[in-house]
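Below is my_file33.csv, which holds CSV, C-alpha atoms.
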```
chain,number,residue,atom,x,y,z
A,1,MET,CA,27.2,13.8,-29.7
A,2,THR,CA,29.8,12.0,-31.7
A,3,ALA,CA,28.0,8.7,-32.4
A,4,THR,CA,26.1,8.2,-35.7
A,5,PRO,CA,22.4,8.7,-34.9
A,6,GLN,CA,20.2,5.7,-35.6
A,7,LEU,CA,16.5,6.0,-36.4
A,8,ARG,CA,14.3,4.6,-33.6
A,9,PRO,CA,11.3,3.1,-35.4
A,10,GLU,CA,7.8,3.2,-33.9
A,11,PRO,CA,7.5,0.0,-31.9
A,12,ALA,CA,5.9,-2.9,-33.8
A,13,PRO,CA,3.0,-4.5,-32.0
A,14,ALA,CA,3.7,-7.7,-30.1
A,15,PRO,CA,2.1,-10.8,-31.7
A,16,VAL,CA,-1.6,-10.9,-30.7
A,17,VAL,CA,-4.0,-13.6,-31.6
A,18,ILE,CA,-7.0,-11.2,-31.6
A,19,ASP,CA,-7.9,-8.4,-33.9
A,20,PRO,CA,-6.5,-5.3,-32.1
A,21,GLY,CA,-9.1,-2.9,-33.6
A,22,PRO,CA,-8.7,0.9,-34.3
A,23,GLN,CA,-8.7,1.9,-30.6
A,24,ALA,CA,-6.2,-0.7,-29.5
A,25,MET,CA,-3.0,0.2,-27.7
A,26,ARG,CA,0.1,-1.5,-28.9
A,27,VAL,CA,2.5,-2.8,-26.3
A,28,HIS,CA,6.1,-3.7,-27.0
A,29,ILE,CA,9.4,-4.3,-25.2
A,30,HIS,CA,12.0,-2.1,-26.9
A,31,ILE,CA,15.7,-2.4,-26.4
A,32,ASP,CA,18.1,0.4,-27.4
A,33,GLU,CA,21.9,-0.2,-27.6
A,34,PRO,CA,24.2,2.6,-26.3
A,35,GLY,CA,24.4,5.5,-28.7
A,36,VAL,CA,22.3,8.2,-30.3
A,37,LEU,CA,18.8,7.5,-31.6
A,38,VAL,CA,16.4,9.7,-33.4
A,39,SER,CA,12.6,9.3,-33.0
A,40,PRO,CA,10.4,11.2,-35.4
A,41,GLY,CA,7.1,12.6,-34.2
A,42,TYR,CA,4.5,9.8,-34.3
A,43,ILE,CA,0.8,9.9,-34.8
A,44,ASN,CA,0.3,8.0,-31.5
A,45,THR,CA,1.1,9.2,-28.0
A,46,LEU,CA,3.9,7.0,-26.5
A,47,VAL,CA,4.2,6.0,-22.9
A,48,ALA,CA,7.6,4.5,-22.2
A,49,ILE,CA,8.2,2.7,-18.8
A,50,HIS,CA,11.8,2.0,-18.0
A,51,VAL,CA,12.5,-1.7,-17.2
A,52,GLY,CA,15.5,-3.1,-15.3
A,53,ARG,CA,18.8,-1.6,-14.4
A,54,PRO,CA,19.5,2.1,-14.1
A,55,VAL,CA,20.6,3.8,-17.3
A,56,HIS,CA,22.2,7.2,-17.7
A,57,LEU,CA,20.7,9.0,-20.7
A,58,SER,CA,19.8,12.4,-22.2
A,59,CYS,CA,16.9,13.4,-24.4
A,60,LYS,CA,16.1,16.4,-26.5
A,61,ARG,CA,12.4,16.9,-27.2
A,62,ALA,CA,9.8,19.7,-27.1
A,63,GLY,CA,12.5,22.3,-27.1
A,64,THR,CA,14.1,21.0,-23.9
A,65,THR,CA,17.1,18.9,-23.1
A,66,HIS,CA,16.7,16.4,-20.3
A,67,PHE,CA,19.4,14.6,-18.4
A,68,GLY,CA,19.1,11.9,-15.8
A,69,THR,CA,19.3,8.3,-14.7
A,70,ALA,CA,16.3,6.2,-15.7
A,71,ILE,CA,15.2,3.9,-12.9
A,72,HIS,CA,12.9,0.9,-13.1
A,73,GLY,CA,9.4,2.2,-13.2
A,74,ASP,CA,10.3,5.7,-14.5
A,75,VAL,CA,7.7,7.0,-17.0
A,76,ASP,CA,8.4,9.0,-20.2
A,77,ILE,CA,5.3,10.5,-21.9
A,78,ILE,CA,5.9,11.6,-25.5
A,79,PRO,CA,2.9,13.5,-27.0
A,80,ALA,CA,1.9,12.7,-30.6
A,81,GLY,CA,3.9,14.6,-33.2
A,82,THR,CA,6.9,15.2,-30.8
A,83,PRO,CA,10.3,14.3,-32.3
A,84,ALA,CA,13.1,13.3,-29.9
A,85,ILE,CA,16.8,12.6,-29.9
A,86,TRP,CA,18.1,10.2,-27.3
A,87,GLU,CA,21.6,9.4,-26.2
A,88,ASN,CA,22.0,6.3,-24.0
A,89,LYS,CA,25.1,5.6,-22.0
A,90,GLU,CA,24.1,1.9,-21.5
A,91,LYS,CA,21.7,-0.5,-23.1
A,92,ASP,CA,18.2,0.7,-22.3
A,93,THR,CA,15.1,-1.5,-22.0
A,94,VAL,CA,11.6,0.1,-22.0
A,95,LEU,CA,8.0,-1.1,-22.1
A,96,ILE,CA,6.4,1.1,-24.8
A,97,CYS,CA,2.7,1.6,-24.9
A,98,SER,CA,1.5,3.3,-28.1
A,99,LEU,CA,-1.9,5.0,-27.7
A,100,PRO,CA,-3.8,6.0,-30.9
A,101,PRO,CA,-5.8,9.3,-31.1
A,102,THR,CA,-9.0,7.3,-31.3
A,103,LEU,CA,-8.3,5.7,-27.9
A,104,LEU,CA,-7.6,9.1,-26.2
A,105,GLN,CA,-10.8,10.5,-27.8
A,106,ALA,CA,-12.9,7.6,-26.5
A,107,ALA,CA,-11.4,8.0,-23.0
A,108,ALA,CA,-12.1,11.7,-23.1
A,109,GLU,CA,-15.7,11.1,-24.1
A,110,GLY,CA,-16.1,8.7,-21.1
A,111,LEU,CA,-14.8,11.5,-18.9
A,112,ASP,CA,-17.0,14.1,-20.5
A,113,ILE,CA,-13.9,16.0,-21.8
A,114,ASN,CA,-13.6,17.8,-25.1
A,115,SER,CA,-10.5,16.1,-26.5
A,116,ASP,CA,-9.9,18.9,-29.1
A,117,ARG,CA,-9.0,21.2,-26.2
A,118,VAL,CA,-6.7,18.8,-24.4
A,119,GLU,CA,-3.0,18.5,-24.9
A,120,ILE,CA,-0.9,15.6,-23.4
A,121,ARG,CA,2.1,16.9,-21.5
A,122,ASN,CA,5.7,16.0,-22.2
A,123,ARG,CA,7.1,14.0,-19.2
A,124,PHE,CA,10.6,12.9,-18.6
A,125,GLN,CA,11.4,10.2,-15.9
A,126,ALA,CA,8.1,10.9,-14.1
A,127,ARG,CA,6.8,8.6,-11.3
A,128,ASP,CA,3.2,7.6,-11.6
A,129,SER,CA,2.2,4.5,-9.7
A,130,GLN,CA,-1.1,4.1,-11.6
A,131,ILE,CA,0.6,4.1,-15.0
A,132,GLU,CA,3.3,1.8,-13.7
A,133,HIS,CA,0.8,-0.8,-12.4
A,134,ILE,CA,-1.2,-0.7,-15.6
A,135,GLY,CA,2.0,-1.1,-17.6
A,136,TRP,CA,3.2,-4.1,-15.6
A,137,ALA,CA,-0.3,-5.7,-16.0
A,138,LEU,CA,0.0,-5.2,-19.8
A,139,LYS,CA,3.5,-6.6,-19.8
A,140,ALA,CA,2.5,-9.7,-17.9
A,141,GLU,CA,-0.5,-10.3,-20.2
A,142,MET,CA,1.7,-9.8,-23.3
A,143,GLU,CA,4.3,-12.2,-22.0
A,144,ARG,CA,1.7,-14.9,-21.4
A,145,GLY,CA,0.3,-14.6,-24.9
A,146,TYR,CA,-2.8,-12.6,-24.0
A,147,PRO,CA,-4.8,-15.4,-22.3
A,148,SER,CA,-7.4,-13.0,-20.9
A,149,GLY,CA,-8.5,-11.8,-24.3
A,150,ARG,CA,-9.4,-8.6,-26.0
A,151,LEU,CA,-11.7,-7.2,-23.3
A,152,TYR,CA,-9.0,-7.3,-20.5
A,153,VAL,CA,-6.4,-5.6,-22.7
A,154,ASP,CA,-8.9,-3.0,-23.9
A,155,SER,CA,-9.9,-2.2,-20.3
A,156,LEU,CA,-6.2,-1.7,-19.3
A,157,ALA,CA,-5.7,0.5,-22.4
A,158,MET,CA,-8.7,2.7,-21.5
A,159,ALA,CA,-7.5,3.0,-17.9
A,160,MET,CA,-4.1,4.2,-19.1
A,161,ALA,CA,-5.7,6.7,-21.5
A,162,ALA,CA,-7.9,8.0,-18.8
A,163,ARG,CA,-4.9,8.4,-16.5
A,164,LEU,CA,-3.0,10.4,-19.1
A,165,LEU,CA,-5.9,12.8,-19.5
A,166,GLN,CA,-6.5,13.2,-15.8
A,167,GLY,CA,-2.9,13.3,-14.6
A,168,HIS,CA,-0.7,14.3,-17.6
A,169,SER,CA,-2.7,16.7,-19.8
A,170,SER,CA,-3.3,20.4,-20.0
A,171,LEU,CA,-6.4,19.9,-17.7
A,172,ALA,CA,-4.4,18.2,-14.9
A,173,ARG,CA,-2.7,19.8,-11.9
A,174,GLU,CA,1.0,19.0,-11.4
A,175,PRO,CA,1.3,15.6,-9.7
A,176,GLU,CA,1.8,15.6,-6.0
A,177,LEU,CA,3.4,12.9,-3.8
A,178,PRO,CA,1.2,11.6,-0.9
A,179,ARG,CA,1.8,13.6,2.2
A,180,GLY,CA,4.9,12.3,4.0
A,181,ALA,CA,6.1,10.2,1.0
A,182,MET,CA,9.7,9.9,0.0
A,183,GLN,CA,10.6,12.9,-2.2
A,184,GLY,CA,11.7,12.6,-5.9
A,185,HIS,CA,15.6,12.7,-5.7
A,186,ARG,CA,15.7,10.6,-2.5
A,187,LEU,CA,13.3,8.0,-4.0
A,188,LYS,CA,15.3,7.8,-7.2
A,189,ARG,CA,18.5,7.3,-5.1
A,190,VAL,CA,16.9,4.5,-3.2
A,191,LEU,CA,15.5,2.8,-6.2
A,192,ALA,CA,18.9,3.1,-8.0
A,193,PHE,CA,20.6,1.6,-5.0
A,194,ILE,CA,18.2,-1.4,-4.9
A,195,GLU,CA,18.8,-2.0,-8.7
A,196,GLU,CA,22.5,-1.8,-8.4
A,197,HIS,CA,22.7,-4.1,-5.4
A,198,LEU,CA,19.8,-6.5,-6.2
A,199,SER,CA,22.0,-9.5,-6.2
A,200,ASP,CA,23.5,-8.5,-2.8
A,201,ASP,CA,22.1,-9.4,0.7
A,202,LEU,CA,20.0,-6.3,1.0
A,203,SER,CA,18.6,-5.2,4.4
A,204,LEU,CA,16.3,-2.4,5.4
A,205,GLU,CA,19.2,-0.8,7.2
A,206,THR,CA,21.4,-0.6,4.1
A,207,ILE,CA,18.5,0.7,2.0
A,208,ALA,CA,17.7,3.3,4.6
A,209,SER,CA,21.3,4.3,4.8
A,210,ALA,CA,21.3,5.0,1.0
A,211,ALA,CA,18.2,7.2,1.6
A,212,GLY,CA,19.8,9.0,4.5
A,213,VAL,CA,17.0,8.2,6.9
A,214,SER,CA,16.5,5.8,9.7
A,215,ALA,CA,15.2,2.2,9.0
A,216,PRO,CA,11.7,2.8,10.5
A,217,HIS,CA,11.4,6.1,8.7
A,218,CYS,CA,12.5,4.6,5.4
A,219,LYS,CA,9.9,1.8,5.8
A,220,VAL,CA,7.1,4.3,6.2
A,221,LEU,CA,8.2,6.7,3.5
A,222,PHE,CA,8.9,4.0,0.9
A,223,ARG,CA,5.4,2.5,1.3
A,224,ARG,CA,3.7,5.9,1.0
A,225,ALA,CA,5.7,6.6,-2.2
A,226,LEU,CA,5.3,3.3,-4.0
A,227,GLY,CA,2.3,1.7,-2.2
A,228,VAL,CA,4.2,-1.5,-1.3
A,229,PRO,CA,6.6,-2.4,1.5
A,230,VAL,CA,10.3,-2.3,0.8
A,231,HIS,CA,10.8,-6.1,1.1
A,232,GLN,CA,7.9,-6.8,-1.3
A,233,TYR,CA,9.3,-4.4,-3.8
A,234,VAL,CA,12.8,-6.0,-3.6
A,235,ILE,CA,11.3,-9.5,-4.1
A,236,ARG,CA,9.3,-8.4,-7.1
A,237,ARG,CA,12.3,-6.8,-8.7
A,238,ARG,CA,14.4,-10.0,-8.0
A,239,ILE,CA,11.7,-12.1,-9.7
A,240,GLU,CA,11.5,-9.8,-12.7
A,241,ARG,CA,15.3,-9.9,-13.1
A,242,ALA,CA,15.2,-13.7,-12.8
A,243,LEU,CA,12.6,-13.9,-15.5
A,244,SER,CA,14.7,-11.8,-17.8
A,245,LEU,CA,17.7,-14.1,-17.2
A,246,LEU,CA,15.6,-17.2,-17.7
A,247,ARG,CA,14.3,-15.9,-21.1
A,248,GLU,CA,17.9,-15.3,-22.2
A,249,GLY,CA,18.5,-19.0,-21.5
A,250,GLN,CA,22.3,-18.6,-21.0
A,251,LEU,CA,22.7,-19.4,-17.3
A,252,PRO,CA,21.7,-22.5,-15.3
A,253,ILE,CA,18.8,-21.8,-13.0
A,254,SER,CA,21.0,-22.1,-9.9
A,255,GLN,CA,23.1,-19.2,-11.2
A,256,VAL,CA,20.0,-17.2,-12.2
A,257,ALA,CA,18.9,-17.4,-8.6
A,258,LEU,CA,22.2,-16.1,-7.3
A,259,ASP,CA,22.4,-13.3,-9.9
A,260,SER,CA,18.9,-12.2,-9.0
A,261,GLY,CA,19.6,-12.0,-5.3
A,262,PHE,CA,18.0,-15.2,-4.1
A,263,ALA,CA,19.9,-17.4,-1.6
A,264,HIS,CA,19.6,-20.6,-3.8
A,265,GLN,CA,17.5,-22.2,-6.5
A,266,SER,CA,14.8,-23.4,-4.2
A,267,HIS,CA,14.4,-19.9,-2.8
A,268,LEU,CA,13.7,-18.5,-6.3
A,269,ALA,CA,11.4,-21.4,-7.0
A,270,ARG,CA,9.3,-20.9,-3.9
A,271,HIS,CA,8.8,-17.2,-4.6
A,272,MET,CA,8.0,-17.8,-8.3
A,273,ARG,CA,5.4,-20.4,-7.5
A,274,ARG,CA,3.9,-18.2,-4.9
A,275,ILE,CA,3.7,-15.1,-7.1
A,276,LEU,CA,3.5,-16.5,-10.7
A,277,GLY,CA,2.2,-20.1,-10.1
A,278,VAL,CA,5.1,-21.6,-12.1
A,279,SER,CA,8.6,-22.9,-11.3
A,280,PRO,CA,11.7,-21.5,-13.0
A,281,GLY,CA,12.0,-24.6,-15.1
A,282,GLU,CA,8.4,-24.4,-16.2
A,283,PHE,CA,8.8,-20.7,-17.1
A,284,ARG,CA,12.0,-21.4,-19.1
A,285,SER,CA,10.4,-24.2,-21.0
A,286,ASN,CA,7.6,-22.0,-22.0
A,287,PHE,CA,10.0,-19.5,-23.5
A,288,SER,CA,12.5,-22.0,-25.1
```
With the file now loaded, output its structure as structure tokens.
Amino acid sequence: MTATPQLRPEPAPAPVVIDPGPQAMRVHIHIDEPGVLVSPGYINTLVAIHVGRPVHLSCKRAGTTHFGTAIHGDVDIIPAGTPAIWENKEKDTVLICSLPPTLLQAAAEGLDINSDRVEIRNRFQARDSQIEHIGWALKAEMERGYPSGRLYVDSLAMAMAARLLQGHSSLAREPELPRGAMQGHRLKRVLAFIEEHLSDDLSLETIASAAGVSAPHCKVLFRRALGVPVHQYVIRRRIERALSLLREGQLPISQVALDSGFAHQSHLARHMRRILGVSPGEFRSNFS
């Protein structure tokens, strides 16, 4: 590593209008520029969910060096007190959830687990649909200014803490994909292909070709792995990319639609109203 390492601070909490309390999980979108970054071991356990385009990176932590391409939805779990050194080849955007020990203890008590005998496992680019869904719900709530209040956020935080204990601790078995689901390397190849061609005219046939399977087989395996049909996943990712571009405020809405893979501005507007209840213009004005 030739670049000068930078210190990656523990993510600051996003602005919240309610008192977070000692068991609250802090949620933050964190952007790292290309280069080397150093993370000291924190008191809290961190769950980092990759957001957006694929990023080639390496990470040294817990005595192991990891290499790989982070795909949208990939999950890193960094146990409390675990230093790490990261090297990103491109700009990396992650949703970071910071869970204090008191939250994990409360979740353990609810599961009738002795938290003193449980260790959270170090995970690198794991796939966990439950953590991913909780993370996206937290991200959406954060971006809307926490309209649902403290109880909703605390419930999501407790759900994530329970999932860590049940699926990613010393008490958990190694995660298994649903029977017949798309396997790890093939799934990552397909997700990377979708991200890299999101603005193109994607079809089930081209996605299946990237996976090396037939279109009908890809349709079944993809849904088993991610819990949603291929076309719904692509639409969701296109909307999320459009939201990111709308927040930046540098492109006209018509160009945002094209760069996100929609045929035209009204196509983007129709899907945004259907899924989010707002138009692109309304969303942009809320973030201007």
Exercise. For each of A:His168, A:Arg123, A:Arg270, A:Arg223, take the minimum atom-to-atom distance to A:His66, counting only C-alpha atoms, then give the residue where this is smallest.
Key: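 Among the listed residues, the smallest separation from A:His66 belongs to A:Arg123.
Across A:Ser285, A:Thr206, A:Ser169, A:Ser199, the tightest approach to A:Ala257 is made by A:Ser199 when counting all atoms listed in the file.
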Quiz item: Taking into account all atoms listed in the file, which residue in the set A:Cys59, A:Leu165, A:Phe262, A:Ala157 is nearest to A:His133?
Solution: A:Ala157
Practice problem: Could you check which of A:Leu156, A:Ala208, A:Leu171, A:Val94 is closest to A:Leu221, using only C-alpha atoms? | Solution: A:Ala208
Practice problem: Taking the point (6.4, 0.9, -26.4) as given in the file, collect each protein or nucleic acid residue that comes within 7 Å of it, counting all atoms listed in the file, and present the set as a PyMOL selection string. | Solution: chain A and resi 11+27-30+46-48+94-98
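The coordinates place atom CA of A:Thr69 at 12.3 Å from atom CA of A:Val190.
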In the coordinates of the file, take the point (6.8, 14.9, -13.5) and a cut-off of 9 Å; then, counting only C-alpha atoms, name each qualifying protein, DNA or RNA residue as a PDB file with C-alpha atoms, in the coordinates of the input.
```
ATOM      1  CA  VAL A  75       7.700   7.000 -17.000  1.00  0.00           C
ATOM      2  CA  ASN A 122       5.700  16.000 -22.200  1.00  0.00           C
ATOM      3  CA  ARG A 123       7.100  14.000 -19.200  1.00  0.00           C
ATOM      4  CA  PHE A 124      10.600  12.900 -18.600  1.00  0.00           C
ATOM      5  CA  GLN A 125      11.400  10.200 -15.900  1.00  0.00           C
ATOM      6  CA  ALA A 126       8.100  10.900 -14.100  1.00  0.00           C
ATOM      7  CA  ARG A 127       6.800   8.600 -11.300  1.00  0.00           C
ATOM      8  CA  ASP A 128       3.200   7.600 -11.600  1.00  0.00           C
ATOM      9  CA  HIS A 168      -0.700  14.300 -17.600  1.00  0.00           C
ATOM     10  CA  GLU A 174       1.000  19.000 -11.400  1.00  0.00           C
ATOM     11  CA  PRO A 175       1.300  15.600  -9.700  1.00  0.00           C
TER      12      PRO A 175
END
```
Contacts of A:Glu87 at 8 Å or less, counting only C-alpha atoms, minus same-chain residues fewer than 4 places along, as a PDB file with C-alpha atoms, in the frame of the given file?
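The resulting file, selection-v5.pdb, is reproduced below:
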```pdb
ATOM      1  CA  MET A   1      27.200  13.800 -29.700  1.00  0.00           C
ATOM      2  CA  PRO A  34      24.200   2.600 -26.300  1.00  0.00           C
ATOM      3  CA  GLY A  35      24.400   5.500 -28.700  1.00  0.00           C
ATOM      4  CA  VAL A  36      22.300   8.200 -30.300  1.00  0.00           C
ATOM      5  CA  LEU A  37      18.800   7.500 -31.600  1.00  0.00           C
ATOM      6  CA  LEU A  57      20.700   9.000 -20.700  1.00  0.00           C
ATOM      7  CA  SER A  58      19.800  12.400 -22.200  1.00  0.00           C
ATOM      8  CA  CYS A  59      16.900  13.400 -24.400  1.00  0.00           C
TER       9      CYS A  59
END
```
Practice problem: Might you pull out every residue within 12 Å of A:Gln232, with all atoms listed in the file counted and same-chain residues fewer than 6 positions away left off, and present them as an MDAnalysis selection string? | Solution: chainID A and resid 204 219 222:223 226 238:239 271 275
Exercise. Quote the spacing between atom CA of A:His231 and atom CA of A:Gly249 in Å to one decimal place.
Key: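 Between these atoms lies a distance of 27.1 Å.
Minimum atom-to-atom distance to A:Leu104, evaluated using only C-alpha atoms, belongs to A:Met25 out of A:Ala172, A:Val153, A:Ala62, A:Met25.
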What lies within 10 Å of A:Ile194 using all atoms listed in the file, ignoring chain neighbours under 5 positions off, as an mmCIF file with C-alpha atoms, in the coordinates of the input?
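Final output, saved to selection_20.cif:
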```
data_model
loop_
_atom_site.group_PDB
_atom_site.id
_atom_site.type_symbol
_atom_site.label_atom_id
_atom_site.label_comp_id
_atom_site.auth_asym_id
_atom_site.auth_seq_id
_atom_site.Cartn_x
_atom_site.Cartn_y
_atom_site.Cartn_z
ATOM 1 C CA ARG A 53 18.800 -1.600 -14.400
ATOM 2 C CA PRO A 54 19.500 2.100 -14.100
ATOM 3 C CA LYS A 188 15.300 7.800 -7.200
ATOM 4 C CA ARG A 189 18.500 7.300 -5.100
ATOM 5 C CA SER A 199 22.000 -9.500 -6.200
ATOM 6 C CA ASP A 200 23.500 -8.500 -2.800
ATOM 7 C CA LEU A 202 20.000 -6.300 1.000
ATOM 8 C CA THR A 206 21.400 -0.600 4.100
ATOM 9 C CA ILE A 207 18.500 0.700 2.000
ATOM 10 C CA ALA A 210 21.300 5.000 1.000
ATOM 11 C CA VAL A 230 10.300 -2.300 0.800
ATOM 12 C CA TYR A 233 9.300 -4.400 -3.800
ATOM 13 C CA VAL A 234 12.800 -6.000 -3.600
ATOM 14 C CA ARG A 237 12.300 -6.800 -8.700
ATOM 15 C CA ARG A 238 14.400 -10.000 -8.000
#
```
Self-check item: Atomic separation - atom CA of A:Asn44 relative to atom CA of A:Leu151, Å
Solution: 21.0 Å
Quiz prompt | Top pick for closest residue to A:Ala107, considering A:His267, A:Arg150, A:Arg224, A:Arg163 and counting only C-alpha atoms | solution = A:Arg163
Self-check item: Contacts of A:Pro100 within 10 Å, only C-alpha atoms, excl. fewer than 5 positions in-chain, as a count of residues only
Solution: 13
